[in-house]
2 protein chains.
Amino acid sequence: MHLGYDTKMIAYKYAQFKNDVVNLASLCESFHPDTLVAVARGGMTLAHALSMALDIRNLQTIRCESYDGKEQRSSLTIKGGCDFSLSKRVLIVDDIVDSGQTLHALLDILRTQYPEILFQSVSIFTKLTALIQPDISLYEATDWIDFFWERDFLK
Amino acid sequence: MHLGYDTKMIAYKYAQFKNDVVNLASLCESFHPDTLVAVARGGMTLAHALSMALDIRNLQTIRCESYDGKEQRSSLTIKGGCDFSLSKRVLIVDDIVDSGQTLHALLDILRTQYPEILFQSVSIFTKLTALIQPDISLYEATDWIDFFWERDFLK
């Protein structure tokens, strides 16, 4: 993971994403995932891109809702059921691991519910202070990332 | 819908997509969707973009598998359960409606399963010969569309 991406407010553009997806896909190959799960909403464009780069057709979405407060981790709720009946190696995909609470709780829940499945996780950006580091990530996030999907489609 | 997009092999680029999402979002507003469902894999980047443009957090994915042949429509299987417990107006999102068989069968299944929910559909491209036309679409597809998510992430 590259340390210290170098601005205070990073405008993360499609051209950069295009290169990053190719690099992330290379890093993901050794896990040999058969299933990708996008963490909605932020992970969806990345998961779609990785599914094309890795030629993985089993592409699903999960939504996590959590309550603010001290009990955030334990009160996480997963919305939308995944179908892992054909899955053995599942890669969880998100744009950024920030506090890491969602990813930590999500992996806890999924590993308990599906003990026979291997789970790994990937993100573009990760904060070093996150509760959990994803298995694969490209950049440390030190500041606010303004992803193109948060900016390009506003009127 | 604009008729006759004008090349034989359309390289559909991100810059075009960016404009199209804003236009599609305007067209989708009158339906007042509370939920977006991406048809995986092709509809995922568009659904993510529309969810940001329309500020809709309830964003889900559905996968459809069908067998080739005369019985294609009736043999469609939906993979990955949706959670419509909080949904009243659901917009199905796909990149292109080609034969229209998947969309037709999917809407049949969903409207039967959730008779109290209103469903509409949106795509960027539609073939005029499709079995069903989506409620909202920007362009007629007369030729092969090479979407950027099918091209930009290959090594």
# chains A, B, ... in the order shown; residues from 1 in each chain; ligands from 1

call {"tool": "closest_atom_pairs", "arguments": {"of": "chain A", "to": "chain B", "cutoff": "9 Å", "atoms": "only C-alpha atoms", "output": "tab-separated table"}}
result
residue	atom	partner	partner_atom	distance
A:Tyr14	CA	B:Tyr14	CA	7.7
A:Lys18	CA	B:Phe153	CA	6.3
A:Asn19	CA	B:Phe153	CA	7.7
A:Val21	CA	B:Phe153	CA	6.4
A:Val22	CA	B:Phe153	CA	5.5
A:Ala25	CA	B:Phe153	CA	8.6
A:Ser26	CA	B:Lys155	CA	8.9
A:Ala40	CA	B:Leu59	CA	6.8
A:Arg41	CA	B:His48	CA	6.5
A:Gly42	CA	B:His48	CA	8.0
A:Gly43	CA	B:His48	CA	8.9
A:Met44	CA	B:His48	CA	6.2
A:Thr45	CA	B:Thr45	CA	4.8
A:Leu46	CA	B:Thr45	CA	8.3
A:Ala47	CA	B:Met44	CA	8.6
A:His48	CA	B:Met44	CA	6.2
A:Ala49	CA	B:Trp149	CA	6.0
A:Leu50	CA	B:Phe153	CA	7.6
A:Ser51	CA	B:Arg41	CA	8.0
A:Met52	CA	B:Glu150	CA	6.3
A:Ala53	CA	B:Phe153	CA	5.2
A:Leu54	CA	B:Leu154	CA	8.5
A:Arg57	CA	B:Arg41	CA	7.2
A:Asn58	CA	B:Arg63	CA	8.2
A:Leu59	CA	B:Arg41	CA	6.8
A:Gln60	CA	B:Thr61	CA	6.2
A:Thr61	CA	B:Thr61	CA	5.7
A:Ile62	CA	B:Gln60	CA	7.4
A:Arg63	CA	B:Gln60	CA	7.8
A:Lys79	CA	B:Asp83	CA	6.9
A:Gly80	CA	B:Asp83	CA	5.2
A:Gly81	CA	B:Gly81	CA	5.4
A:Cys82	CA	B:Gly80	CA	5.4
A:Asp83	CA	B:Gly80	CA	5.2
A:Phe84	CA	B:Gly80	CA	8.8
A:Trp149	CA	B:Ala49	CA	6.0
A:Glu150	CA	B:Met52	CA	6.3
A:Arg151	CA	B:Met52	CA	8.4
A:Asp152	CA	B:Lys18	CA	6.4
A:Phe153	CA	B:Ala53	CA	5.2
A:Leu154	CA	B:Ala53	CA	5.4
A:Lys155	CA	B:Val22	CA	6.4

call {"tool": "calpha_fit_and_write", "arguments": {"fixed": "chain A", "moving": "chain B", "output": "PDB file with C-alpha atoms, in the first residue's frame"}}
result
ATOM      1  CA  MET B   1       0.016   0.038   0.009  1.00  0.00           C
ATOM      2  CA  HIS B   2       1.391   3.417  -0.950  1.00  0.00           C
ATOM      3  CA  LEU B   3       1.646   5.701   2.036  1.00  0.00           C
ATOM      4  CA  GLY B   4       0.562   9.298   2.169  1.00  0.00           C
ATOM      5  CA  TYR B   5      -1.416  10.103  -0.966  1.00  0.00           C
ATOM      6  CA  ASP B   6      -0.462  13.734  -1.155  1.00  0.00           C
ATOM      7  CA  THR B   7      -3.317  16.219  -1.000  1.00  0.00           C
ATOM      8  CA  LYS B   8      -5.846  17.343   1.581  1.00  0.00           C
ATOM      9  CA  MET B   9      -8.860  16.861  -0.636  1.00  0.00           C
ATOM     10  CA  ILE B  10      -8.343  14.301  -3.305  1.00  0.00           C
ATOM     11  CA  ALA B  11     -10.444  14.591  -6.444  1.00  0.00           C
ATOM     12  CA  TYR B  12     -10.438  10.950  -7.404  1.00  0.00           C
ATOM     13  CA  LYS B  13     -11.091  10.878 -11.142  1.00  0.00           C
ATOM     14  CA  TYR B  14     -12.122   8.191 -13.573  1.00  0.00           C
ATOM     15  CA  ALA B  15      -8.737   8.196 -15.341  1.00  0.00           C
ATOM     16  CA  GLN B  16      -7.020   7.320 -12.059  1.00  0.00           C
ATOM     17  CA  PHE B  17      -9.663   4.714 -11.243  1.00  0.00           C
ATOM     18  CA  LYS B  18      -9.078   3.035 -14.586  1.00  0.00           C
ATOM     19  CA  ASN B  19      -5.418   2.461 -13.767  1.00  0.00           C
ATOM     20  CA  ASP B  20      -6.116   1.522 -10.172  1.00  0.00           C
ATOM     21  CA  VAL B  21      -8.634  -1.163 -11.128  1.00  0.00           C
ATOM     22  CA  VAL B  22      -6.069  -2.891 -13.317  1.00  0.00           C
ATOM     23  CA  ASN B  23      -3.549  -2.828 -10.471  1.00  0.00           C
ATOM     24  CA  LEU B  24      -6.076  -3.975  -7.887  1.00  0.00           C
ATOM     25  CA  ALA B  25      -7.206  -6.789 -10.150  1.00  0.00           C
ATOM     26  CA  SER B  26      -3.616  -8.051 -10.381  1.00  0.00           C
ATOM     27  CA  LEU B  27      -3.342  -8.003  -6.605  1.00  0.00           C
ATOM     28  CA  CYS B  28      -6.659  -9.839  -6.236  1.00  0.00           C
ATOM     29  CA  GLU B  29      -5.780 -12.664  -8.625  1.00  0.00           C
ATOM     30  CA  SER B  30      -3.768 -14.672  -6.120  1.00  0.00           C
ATOM     31  CA  PHE B  31      -6.839 -15.066  -3.904  1.00  0.00           C
ATOM     32  CA  HIS B  32      -8.705 -16.629  -6.846  1.00  0.00           C
ATOM     33  CA  PRO B  33     -12.092 -15.223  -5.871  1.00  0.00           C
ATOM     34  CA  ASP B  34     -15.173 -16.810  -7.415  1.00  0.00           C
ATOM     35  CA  THR B  35     -17.568 -14.202  -6.048  1.00  0.00           C
ATOM     36  CA  LEU B  36     -17.435 -10.431  -5.584  1.00  0.00           C
ATOM     37  CA  VAL B  37     -19.609  -8.636  -3.072  1.00  0.00           C
ATOM     38  CA  ALA B  38     -19.913  -4.870  -3.408  1.00  0.00           C
ATOM     39  CA  VAL B  39     -20.533  -2.935  -0.233  1.00  0.00           C
ATOM     40  CA  ALA B  40     -23.244  -0.513  -1.381  1.00  0.00           C
ATOM     41  CA  ARG B  41     -23.179   2.121  -2.339  1.00  0.00           C
ATOM     42  CA  GLY B  42     -19.496   3.074  -2.445  1.00  0.00           C
ATOM     43  CA  GLY B  43     -18.138  -0.280  -3.590  1.00  0.00           C
ATOM     44  CA  MET B  44     -20.438  -0.828  -6.536  1.00  0.00           C
ATOM     45  CA  THR B  45     -18.578   0.794  -9.411  1.00  0.00           C
ATOM     46  CA  LEU B  46     -15.329  -0.780  -8.224  1.00  0.00           C
ATOM     47  CA  ALA B  47     -16.912  -4.210  -7.858  1.00  0.00           C
ATOM     48  CA  HIS B  48     -18.368  -3.994 -11.348  1.00  0.00           C
ATOM     49  CA  ALA B  49     -14.978  -2.983 -12.734  1.00  0.00           C
ATOM     50  CA  LEU B  50     -13.149  -5.767 -10.877  1.00  0.00           C
ATOM     51  CA  SER B  51     -15.720  -8.301 -12.038  1.00  0.00           C
ATOM     52  CA  MET B  52     -14.922  -7.357 -15.627  1.00  0.00           C
ATOM     53  CA  ALA B  53     -11.149  -7.285 -15.046  1.00  0.00           C
ATOM     54  CA  LEU B  54     -11.170 -10.651 -13.279  1.00  0.00           C
ATOM     55  CA  ASP B  55     -13.970 -12.180 -15.387  1.00  0.00           C
ATOM     56  CA  ILE B  56     -16.073 -13.059 -12.357  1.00  0.00           C
ATOM     57  CA  ARG B  57     -19.782 -13.289 -13.129  1.00  0.00           C
ATOM     58  CA  ASN B  58     -20.954 -13.884  -9.571  1.00  0.00           C
ATOM     59  CA  LEU B  59     -21.300 -10.262  -8.507  1.00  0.00           C
ATOM     60  CA  GLN B  60     -23.531  -9.318  -5.607  1.00  0.00           C
ATOM     61  CA  THR B  61     -24.289  -6.356  -3.404  1.00  0.00           C
ATOM     62  CA  ILE B  62     -24.676  -6.001   0.307  1.00  0.00           C
ATOM     63  CA  ARG B  63     -25.936  -3.008   2.238  1.00  0.00           C
ATOM     64  CA  CYS B  64     -24.922  -2.349   5.787  1.00  0.00           C
ATOM     65  CA  GLU B  65     -26.804  -0.128   8.164  1.00  0.00           C
ATOM     66  CA  SER B  66     -25.368   0.762  11.521  1.00  0.00           C
ATOM     67  CA  TYR B  67     -26.338   3.014  14.363  1.00  0.00           C
ATOM     68  CA  ASP B  68     -23.976   5.677  15.601  1.00  0.00           C
ATOM     69  CA  GLY B  69     -22.641   5.287  19.068  1.00  0.00           C
ATOM     70  CA  LYS B  70     -20.580   2.981  21.191  1.00  0.00           C
ATOM     71  CA  GLU B  71     -22.509  -0.081  20.134  1.00  0.00           C
ATOM     72  CA  GLN B  72     -22.053   0.590  16.441  1.00  0.00           C
ATOM     73  CA  ARG B  73     -20.271  -2.614  15.644  1.00  0.00           C
ATOM     74  CA  SER B  74     -22.736  -4.930  17.274  1.00  0.00           C
ATOM     75  CA  SER B  75     -25.752  -3.122  15.828  1.00  0.00           C
ATOM     76  CA  LEU B  76     -24.776  -3.516  12.211  1.00  0.00           C
ATOM     77  CA  THR B  77     -27.531  -4.924  10.045  1.00  0.00           C
ATOM     78  CA  ILE B  78     -26.939  -6.501   6.673  1.00  0.00           C
ATOM     79  CA  LYS B  79     -29.636  -5.735   4.124  1.00  0.00           C
ATOM     80  CA  GLY B  80     -30.211  -7.821   1.049  1.00  0.00           C
ATOM     81  CA  GLY B  81     -29.381 -11.486   1.229  1.00  0.00           C
ATOM     82  CA  CYS B  82     -26.392 -12.868  -0.570  1.00  0.00           C
ATOM     83  CA  ASP B  83     -26.508 -16.202  -2.321  1.00  0.00           C
ATOM     84  CA  PHE B  84     -23.274 -18.050  -1.626  1.00  0.00           C
ATOM     85  CA  SER B  85     -24.544 -21.481  -2.678  1.00  0.00           C
ATOM     86  CA  LEU B  86     -21.920 -21.653  -5.437  1.00  0.00           C
ATOM     87  CA  SER B  87     -19.225 -19.622  -3.649  1.00  0.00           C
ATOM     88  CA  LYS B  88     -16.007 -20.773  -2.036  1.00  0.00           C
ATOM     89  CA  ARG B  89     -13.827 -17.670  -2.154  1.00  0.00           C
ATOM     90  CA  VAL B  90     -15.581 -14.352  -1.708  1.00  0.00           C
ATOM     91  CA  LEU B  91     -13.977 -10.946  -2.113  1.00  0.00           C
ATOM     92  CA  ILE B  92     -15.679  -8.043  -0.305  1.00  0.00           C
ATOM     93  CA  VAL B  93     -15.239  -4.828  -2.288  1.00  0.00           C
ATOM     94  CA  ASP B  94     -15.456  -1.282  -0.957  1.00  0.00           C
ATOM     95  CA  ASP B  95     -14.130   2.063  -2.127  1.00  0.00           C
ATOM     96  CA  ILE B  96     -12.581   3.097   1.181  1.00  0.00           C
ATOM     97  CA  VAL B  97     -12.042   1.537   4.569  1.00  0.00           C
ATOM     98  CA  ASP B  98     -12.400   4.514   6.868  1.00  0.00           C
ATOM     99  CA  SER B  99     -13.181   3.659  10.499  1.00  0.00           C
ATOM    100  CA  GLY B 100     -13.185   0.016   9.456  1.00  0.00           C
ATOM    101  CA  GLN B 101     -16.161  -0.701  11.710  1.00  0.00           C
ATOM    102  CA  THR B 102     -18.459  -1.733   8.887  1.00  0.00           C
ATOM    103  CA  LEU B 103     -15.927  -4.062   7.291  1.00  0.00           C
ATOM    104  CA  HIS B 104     -14.970  -5.560  10.643  1.00  0.00           C
ATOM    105  CA  ALA B 105     -18.573  -6.274  11.594  1.00  0.00           C
ATOM    106  CA  LEU B 106     -19.469  -7.483   8.121  1.00  0.00           C
ATOM    107  CA  LEU B 107     -16.600  -9.988   8.027  1.00  0.00           C
ATOM    108  CA  ASP B 108     -17.518 -11.160  11.550  1.00  0.00           C
ATOM    109  CA  ILE B 109     -21.099 -11.805  10.479  1.00  0.00           C
ATOM    110  CA  LEU B 110     -20.225 -13.470   7.174  1.00  0.00           C
ATOM    111  CA  ARG B 111     -17.478 -15.698   8.599  1.00  0.00           C
ATOM    112  CA  THR B 112     -19.828 -16.850  11.362  1.00  0.00           C
ATOM    113  CA  GLN B 113     -22.675 -17.453   8.956  1.00  0.00           C
ATOM    114  CA  TYR B 114     -20.533 -19.156   6.277  1.00  0.00           C
ATOM    115  CA  PRO B 115     -17.632 -20.856   8.085  1.00  0.00           C
ATOM    116  CA  GLU B 116     -16.792 -22.973   5.032  1.00  0.00           C
ATOM    117  CA  ILE B 117     -16.234 -19.926   2.789  1.00  0.00           C
ATOM    118  CA  LEU B 118     -12.996 -17.943   2.579  1.00  0.00           C
ATOM    119  CA  PHE B 119     -13.479 -14.191   2.689  1.00  0.00           C
ATOM    120  CA  GLN B 120     -11.003 -11.485   1.776  1.00  0.00           C
ATOM    121  CA  SER B 121     -11.496  -7.765   1.326  1.00  0.00           C
ATOM    122  CA  VAL B 122     -10.250  -5.094  -1.047  1.00  0.00           C
ATOM    123  CA  SER B 123     -10.481  -1.308  -1.154  1.00  0.00           C
ATOM    124  CA  ILE B 124      -8.833   1.478  -3.088  1.00  0.00           C
ATOM    125  CA  PHE B 125      -8.171   3.584   0.009  1.00  0.00           C
ATOM    126  CA  THR B 126      -7.647   2.654   3.634  1.00  0.00           C
ATOM    127  CA  LYS B 127      -7.044   4.683   6.755  1.00  0.00           C
ATOM    128  CA  LEU B 128      -4.181   3.325   8.808  1.00  0.00           C
ATOM    129  CA  THR B 129      -6.289   4.025  11.894  1.00  0.00           C
ATOM    130  CA  ALA B 130      -9.071   1.720  10.693  1.00  0.00           C
ATOM    131  CA  LEU B 131     -10.183  -1.028  13.060  1.00  0.00           C
ATOM    132  CA  ILE B 132      -9.320  -3.551  10.368  1.00  0.00           C
ATOM    133  CA  GLN B 133      -7.085  -3.324   7.317  1.00  0.00           C
ATOM    134  CA  PRO B 134      -8.399  -4.938   4.140  1.00  0.00           C
ATOM    135  CA  ASP B 135      -6.324  -7.736   2.628  1.00  0.00           C
ATOM    136  CA  ILE B 136      -5.710  -5.667  -0.501  1.00  0.00           C
ATOM    137  CA  SER B 137      -5.603  -1.891  -0.833  1.00  0.00           C
ATOM    138  CA  LEU B 138      -3.696   0.617  -2.941  1.00  0.00           C
ATOM    139  CA  TYR B 139      -3.470   3.849  -0.983  1.00  0.00           C
ATOM    140  CA  GLU B 140      -3.492   5.198   2.503  1.00  0.00           C
ATOM    141  CA  ALA B 141      -6.278   7.732   2.907  1.00  0.00           C
ATOM    142  CA  THR B 142      -5.055  10.638   4.948  1.00  0.00           C
ATOM    143  CA  ASP B 143      -7.693  13.123   3.845  1.00  0.00           C
ATOM    144  CA  TRP B 144     -11.106  13.364   2.310  1.00  0.00           C
ATOM    145  CA  ILE B 145     -11.518  11.504  -0.968  1.00  0.00           C
ATOM    146  CA  ASP B 146     -13.943  13.025  -3.437  1.00  0.00           C
ATOM    147  CA  PHE B 147     -14.779  10.005  -5.583  1.00  0.00           C
ATOM    148  CA  PHE B 148     -15.959  10.728  -9.118  1.00  0.00           C
ATOM    149  CA  TRP B 149     -19.205   8.848  -8.506  1.00  0.00           C
ATOM    150  CA  GLU B 150     -19.986  11.263  -5.695  1.00  0.00           C
ATOM    151  CA  ARG B 151     -19.324  14.320  -7.822  1.00  0.00           C
ATOM    152  CA  ASP B 152     -19.841  13.710 -11.549  1.00  0.00           C
ATOM    153  CA  PHE B 153     -23.563  13.055 -11.616  1.00  0.00           C
ATOM    154  CA  LEU B 154     -24.865  16.034  -9.708  1.00  0.00           C
ATOM    155  CA  LYS B 155     -26.847  18.524 -11.740  1.00  0.00           C
TER     156      LYS B 155
END

call {"tool": "select_by_dssp", "arguments": {"residues": "chain B", "states": "strand (DSSP E or B)", "output": "compact mmCIF listing (two decimals) with C-alpha atoms, in the first residue's frame"}}
result
# COMPACT_ATOMS: atom_id res chain seq x y z
CA HIS B 2 -33.01 9.43 -29.69
CA MET B 9 -19.48 -0.11 -33.15
CA ILE B 10 -19.99 2.45 -30.48
CA ALA B 11 -17.15 3.03 -28.04
CA TYR B 12 -19.22 4.22 -25.12
CA THR B 35 -35.20 1.81 -4.53
CA LEU B 36 -32.82 1.04 -7.39
CA VAL B 37 -32.11 -2.49 -8.52
CA ALA B 38 -29.09 -3.02 -10.76
CA VAL B 39 -29.28 -5.91 -13.18
CA ALA B 40 -25.81 -7.43 -12.76
CA LEU B 59 -29.49 0.23 -3.96
CA GLN B 60 -29.59 -3.49 -4.66
CA THR B 61 -28.42 -5.96 -7.26
CA ILE B 62 -30.14 -8.81 -8.98
CA ARG B 63 -28.60 -11.46 -11.18
CA CYS B 64 -30.56 -13.24 -13.84
CA GLU B 65 -29.58 -16.53 -15.37
CA THR B 77 -33.81 -17.64 -12.55
CA ILE B 78 -33.25 -14.69 -10.26
CA LYS B 79 -30.17 -15.01 -8.08
CA ARG B 89 -41.41 2.35 -6.08
CA VAL B 90 -38.59 0.31 -7.55
CA LEU B 91 -36.55 1.24 -10.60
CA ILE B 92 -34.82 -1.63 -12.44
CA VAL B 93 -31.56 -0.43 -13.97
CA ASP B 94 -29.69 -2.00 -16.87
CA ASP B 95 -27.15 -0.74 -19.37
CA ILE B 96 -28.92 -2.02 -22.48
CA VAL B 97 -32.19 -3.71 -23.28
CA LEU B 118 -44.64 -0.23 -8.54
CA PHE B 119 -41.82 -1.19 -10.87
CA GLN B 120 -40.34 0.82 -13.71
CA SER B 121 -37.22 0.23 -15.76
CA VAL B 122 -34.44 2.35 -17.20
CA SER B 123 -31.57 1.71 -19.60
CA ILE B 124 -29.12 3.81 -21.56
CA PHE B 125 -29.65 1.87 -24.79
CA THR B 126 -32.60 -0.08 -26.11
CA ILE B 136 -36.97 5.33 -19.65
CA SER B 137 -34.11 5.09 -22.14
CA LEU B 138 -31.86 7.53 -23.97
CA TYR B 139 -30.75 5.89 -27.20
CA GLU B 140 -31.77 3.31 -29.70
CA TRP B 144 -22.78 -3.22 -30.84
CA ILE B 145 -22.08 -1.02 -27.83
CA ASP B 146 -18.61 -1.30 -26.35
CA PHE B 147 -19.22 -0.01 -22.83

call {"tool": "select_by_dssp", "arguments": {"residues": "chain A", "states": "alpha helix (DSSP H)", "output": "JSON, numbers by chain"}}
result
{"A": [14, 15, 16, 17, 18, 19, 20, 21, 22, 23, 24, 25, 26, 27, 28, 29, 44, 45, 46, 47, 48, 49, 50, 51, 52, 53, 54, 101, 102, 103, 104, 105, 106, 107, 108, 109, 110, 111, 112, 113, 148, 149, 150, 151]}

call {"tool": "write_last_selection", "arguments": {"atoms": "N, CA and C atoms", "output": "short mmCIF file (atom, residue, chain, number, x, y, z; two decimals), in the first residue's frame"}}
result
data_model
loop_
_atom_site.label_atom_id
_atom_site.label_comp_id
_atom_site.auth_asym_id
_atom_site.auth_seq_id
_atom_site.Cartn_x
_atom_site.Cartn_y
_atom_site.Cartn_z
N TYR A 14 -11.96 9.46 -12.85
CA TYR A 14 -12.11 8.20 -13.57
C TYR A 14 -10.80 7.71 -14.17
N ALA A 15 -9.98 8.61 -14.71
CA ALA A 15 -8.73 8.20 -15.34
C ALA A 15 -7.82 7.47 -14.34
N GLN A 16 -7.81 7.96 -13.11
CA GLN A 16 -7.03 7.32 -12.05
C GLN A 16 -7.62 5.95 -11.68
N PHE A 17 -8.92 5.95 -11.57
CA PHE A 17 -9.66 4.71 -11.24
C PHE A 17 -9.34 3.60 -12.24
N LYS A 18 -9.33 3.99 -13.50
CA LYS A 18 -9.07 3.04 -14.59
C LYS A 18 -7.73 2.32 -14.37
N ASN A 19 -6.70 3.06 -14.05
CA ASN A 19 -5.40 2.45 -13.76
C ASN A 19 -5.43 1.63 -12.48
N ASP A 20 -6.09 2.18 -11.47
CA ASP A 20 -6.11 1.51 -10.17
C ASP A 20 -6.83 0.16 -10.24
N VAL A 21 -7.89 0.11 -11.01
CA VAL A 21 -8.63 -1.15 -11.13
C VAL A 21 -7.74 -2.25 -11.70
N VAL A 22 -6.97 -1.90 -12.72
CA VAL A 22 -6.07 -2.89 -13.32
C VAL A 22 -5.05 -3.37 -12.29
N ASN A 23 -4.51 -2.45 -11.51
CA ASN A 23 -3.54 -2.83 -10.48
C ASN A 23 -4.19 -3.65 -9.36
N LEU A 24 -5.37 -3.23 -8.93
CA LEU A 24 -6.07 -3.98 -7.89
C LEU A 24 -6.40 -5.39 -8.37
N ALA A 25 -6.84 -5.48 -9.62
CA ALA A 25 -7.21 -6.80 -10.16
C ALA A 25 -6.00 -7.74 -10.11
N SER A 26 -4.83 -7.22 -10.45
CA SER A 26 -3.62 -8.05 -10.39
C SER A 26 -3.36 -8.54 -8.96
N LEU A 27 -3.56 -7.64 -8.00
CA LEU A 27 -3.34 -8.01 -6.61
C LEU A 27 -4.38 -9.01 -6.10
N CYS A 28 -5.58 -8.96 -6.69
CA CYS A 28 -6.66 -9.85 -6.24
C CYS A 28 -6.54 -11.26 -6.82
N GLU A 29 -5.81 -11.39 -7.90
CA GLU A 29 -5.79 -12.67 -8.62
C GLU A 29 -5.31 -13.84 -7.76
N MET A 44 -19.78 -0.20 -5.37
CA MET A 44 -20.44 -0.82 -6.53
C MET A 44 -19.72 -0.64 -7.85
N THR A 45 -19.28 0.58 -8.13
CA THR A 45 -18.58 0.82 -9.40
C THR A 45 -17.28 0.03 -9.43
N LEU A 46 -16.58 -0.01 -8.30
CA LEU A 46 -15.33 -0.78 -8.22
C LEU A 46 -15.59 -2.27 -8.39
N ALA A 47 -16.63 -2.76 -7.75
CA ALA A 47 -16.91 -4.20 -7.85
C ALA A 47 -17.27 -4.58 -9.29
N HIS A 48 -18.04 -3.74 -9.94
CA HIS A 48 -18.37 -3.98 -11.35
C HIS A 48 -17.10 -4.02 -12.19
N ALA A 49 -16.23 -3.05 -11.97
CA ALA A 49 -14.98 -2.98 -12.73
C ALA A 49 -14.10 -4.20 -12.47
N LEU A 50 -13.99 -4.59 -11.20
CA LEU A 50 -13.16 -5.76 -10.88
C LEU A 50 -13.77 -7.04 -11.45
N SER A 51 -15.09 -7.09 -11.48
CA SER A 51 -15.73 -8.29 -12.04
C SER A 51 -15.43 -8.43 -13.53
N MET A 52 -15.29 -7.31 -14.21
CA MET A 52 -14.92 -7.35 -15.62
C MET A 52 -13.44 -7.68 -15.78
N ALA A 53 -12.60 -7.06 -14.95
CA ALA A 53 -11.15 -7.28 -15.04
C ALA A 53 -10.79 -8.72 -14.71
N LEU A 54 -11.51 -9.29 -13.74
CA LEU A 54 -11.18 -10.65 -13.28
C LEU A 54 -12.08 -11.71 -13.92
N GLN A 101 -15.15 -0.03 10.89
CA GLN A 101 -16.16 -0.70 11.72
C GLN A 101 -17.12 -1.54 10.88
N THR A 102 -17.52 -0.98 9.74
CA THR A 102 -18.45 -1.72 8.89
C THR A 102 -17.80 -3.00 8.37
N LEU A 103 -16.60 -2.89 7.84
CA LEU A 103 -15.92 -4.07 7.29
C LEU A 103 -15.66 -5.10 8.37
N HIS A 104 -15.24 -4.65 9.54
CA HIS A 104 -14.97 -5.57 10.65
C HIS A 104 -16.22 -6.35 11.03
N ALA A 105 -17.32 -5.63 11.20
CA ALA A 105 -18.57 -6.28 11.59
C ALA A 105 -19.10 -7.18 10.48
N LEU A 106 -18.97 -6.71 9.26
CA LEU A 106 -19.46 -7.49 8.12
C LEU A 106 -18.72 -8.81 8.00
N LEU A 107 -17.39 -8.76 8.13
CA LEU A 107 -16.61 -10.00 8.04
C LEU A 107 -16.92 -10.94 9.21
N ASP A 108 -17.12 -10.37 10.40
CA ASP A 108 -17.53 -11.17 11.55
C ASP A 108 -18.81 -11.94 11.25
N ILE A 109 -19.78 -11.21 10.75
CA ILE A 109 -21.09 -11.81 10.49
C ILE A 109 -20.98 -12.88 9.40
N LEU A 110 -20.30 -12.53 8.31
CA LEU A 110 -20.22 -13.46 7.18
C LEU A 110 -19.41 -14.71 7.54
N ARG A 111 -18.31 -14.54 8.26
CA ARG A 111 -17.48 -15.71 8.61
C ARG A 111 -18.19 -16.62 9.60
N THR A 112 -19.03 -16.05 10.45
CA THR A 112 -19.82 -16.86 11.38
C THR A 112 -20.92 -17.61 10.62
N GLN A 113 -21.53 -16.87 9.68
CA GLN A 113 -22.67 -17.46 8.96
C GLN A 113 -22.22 -18.49 7.92
N PHE A 148 -15.24 10.17 -7.93
CA PHE A 148 -15.96 10.73 -9.10
C PHE A 148 -17.43 10.35 -9.07
N TRP A 149 -17.78 9.21 -8.51
CA TRP A 149 -19.21 8.84 -8.48
C TRP A 149 -19.99 9.65 -7.45
N GLU A 150 -19.29 10.38 -6.62
CA GLU A 150 -19.98 11.27 -5.67
C GLU A 150 -20.10 12.69 -6.22
N ARG A 151 -19.44 12.94 -7.33
CA ARG A 151 -19.33 14.32 -7.81
C ARG A 151 -19.84 14.51 -9.23
#
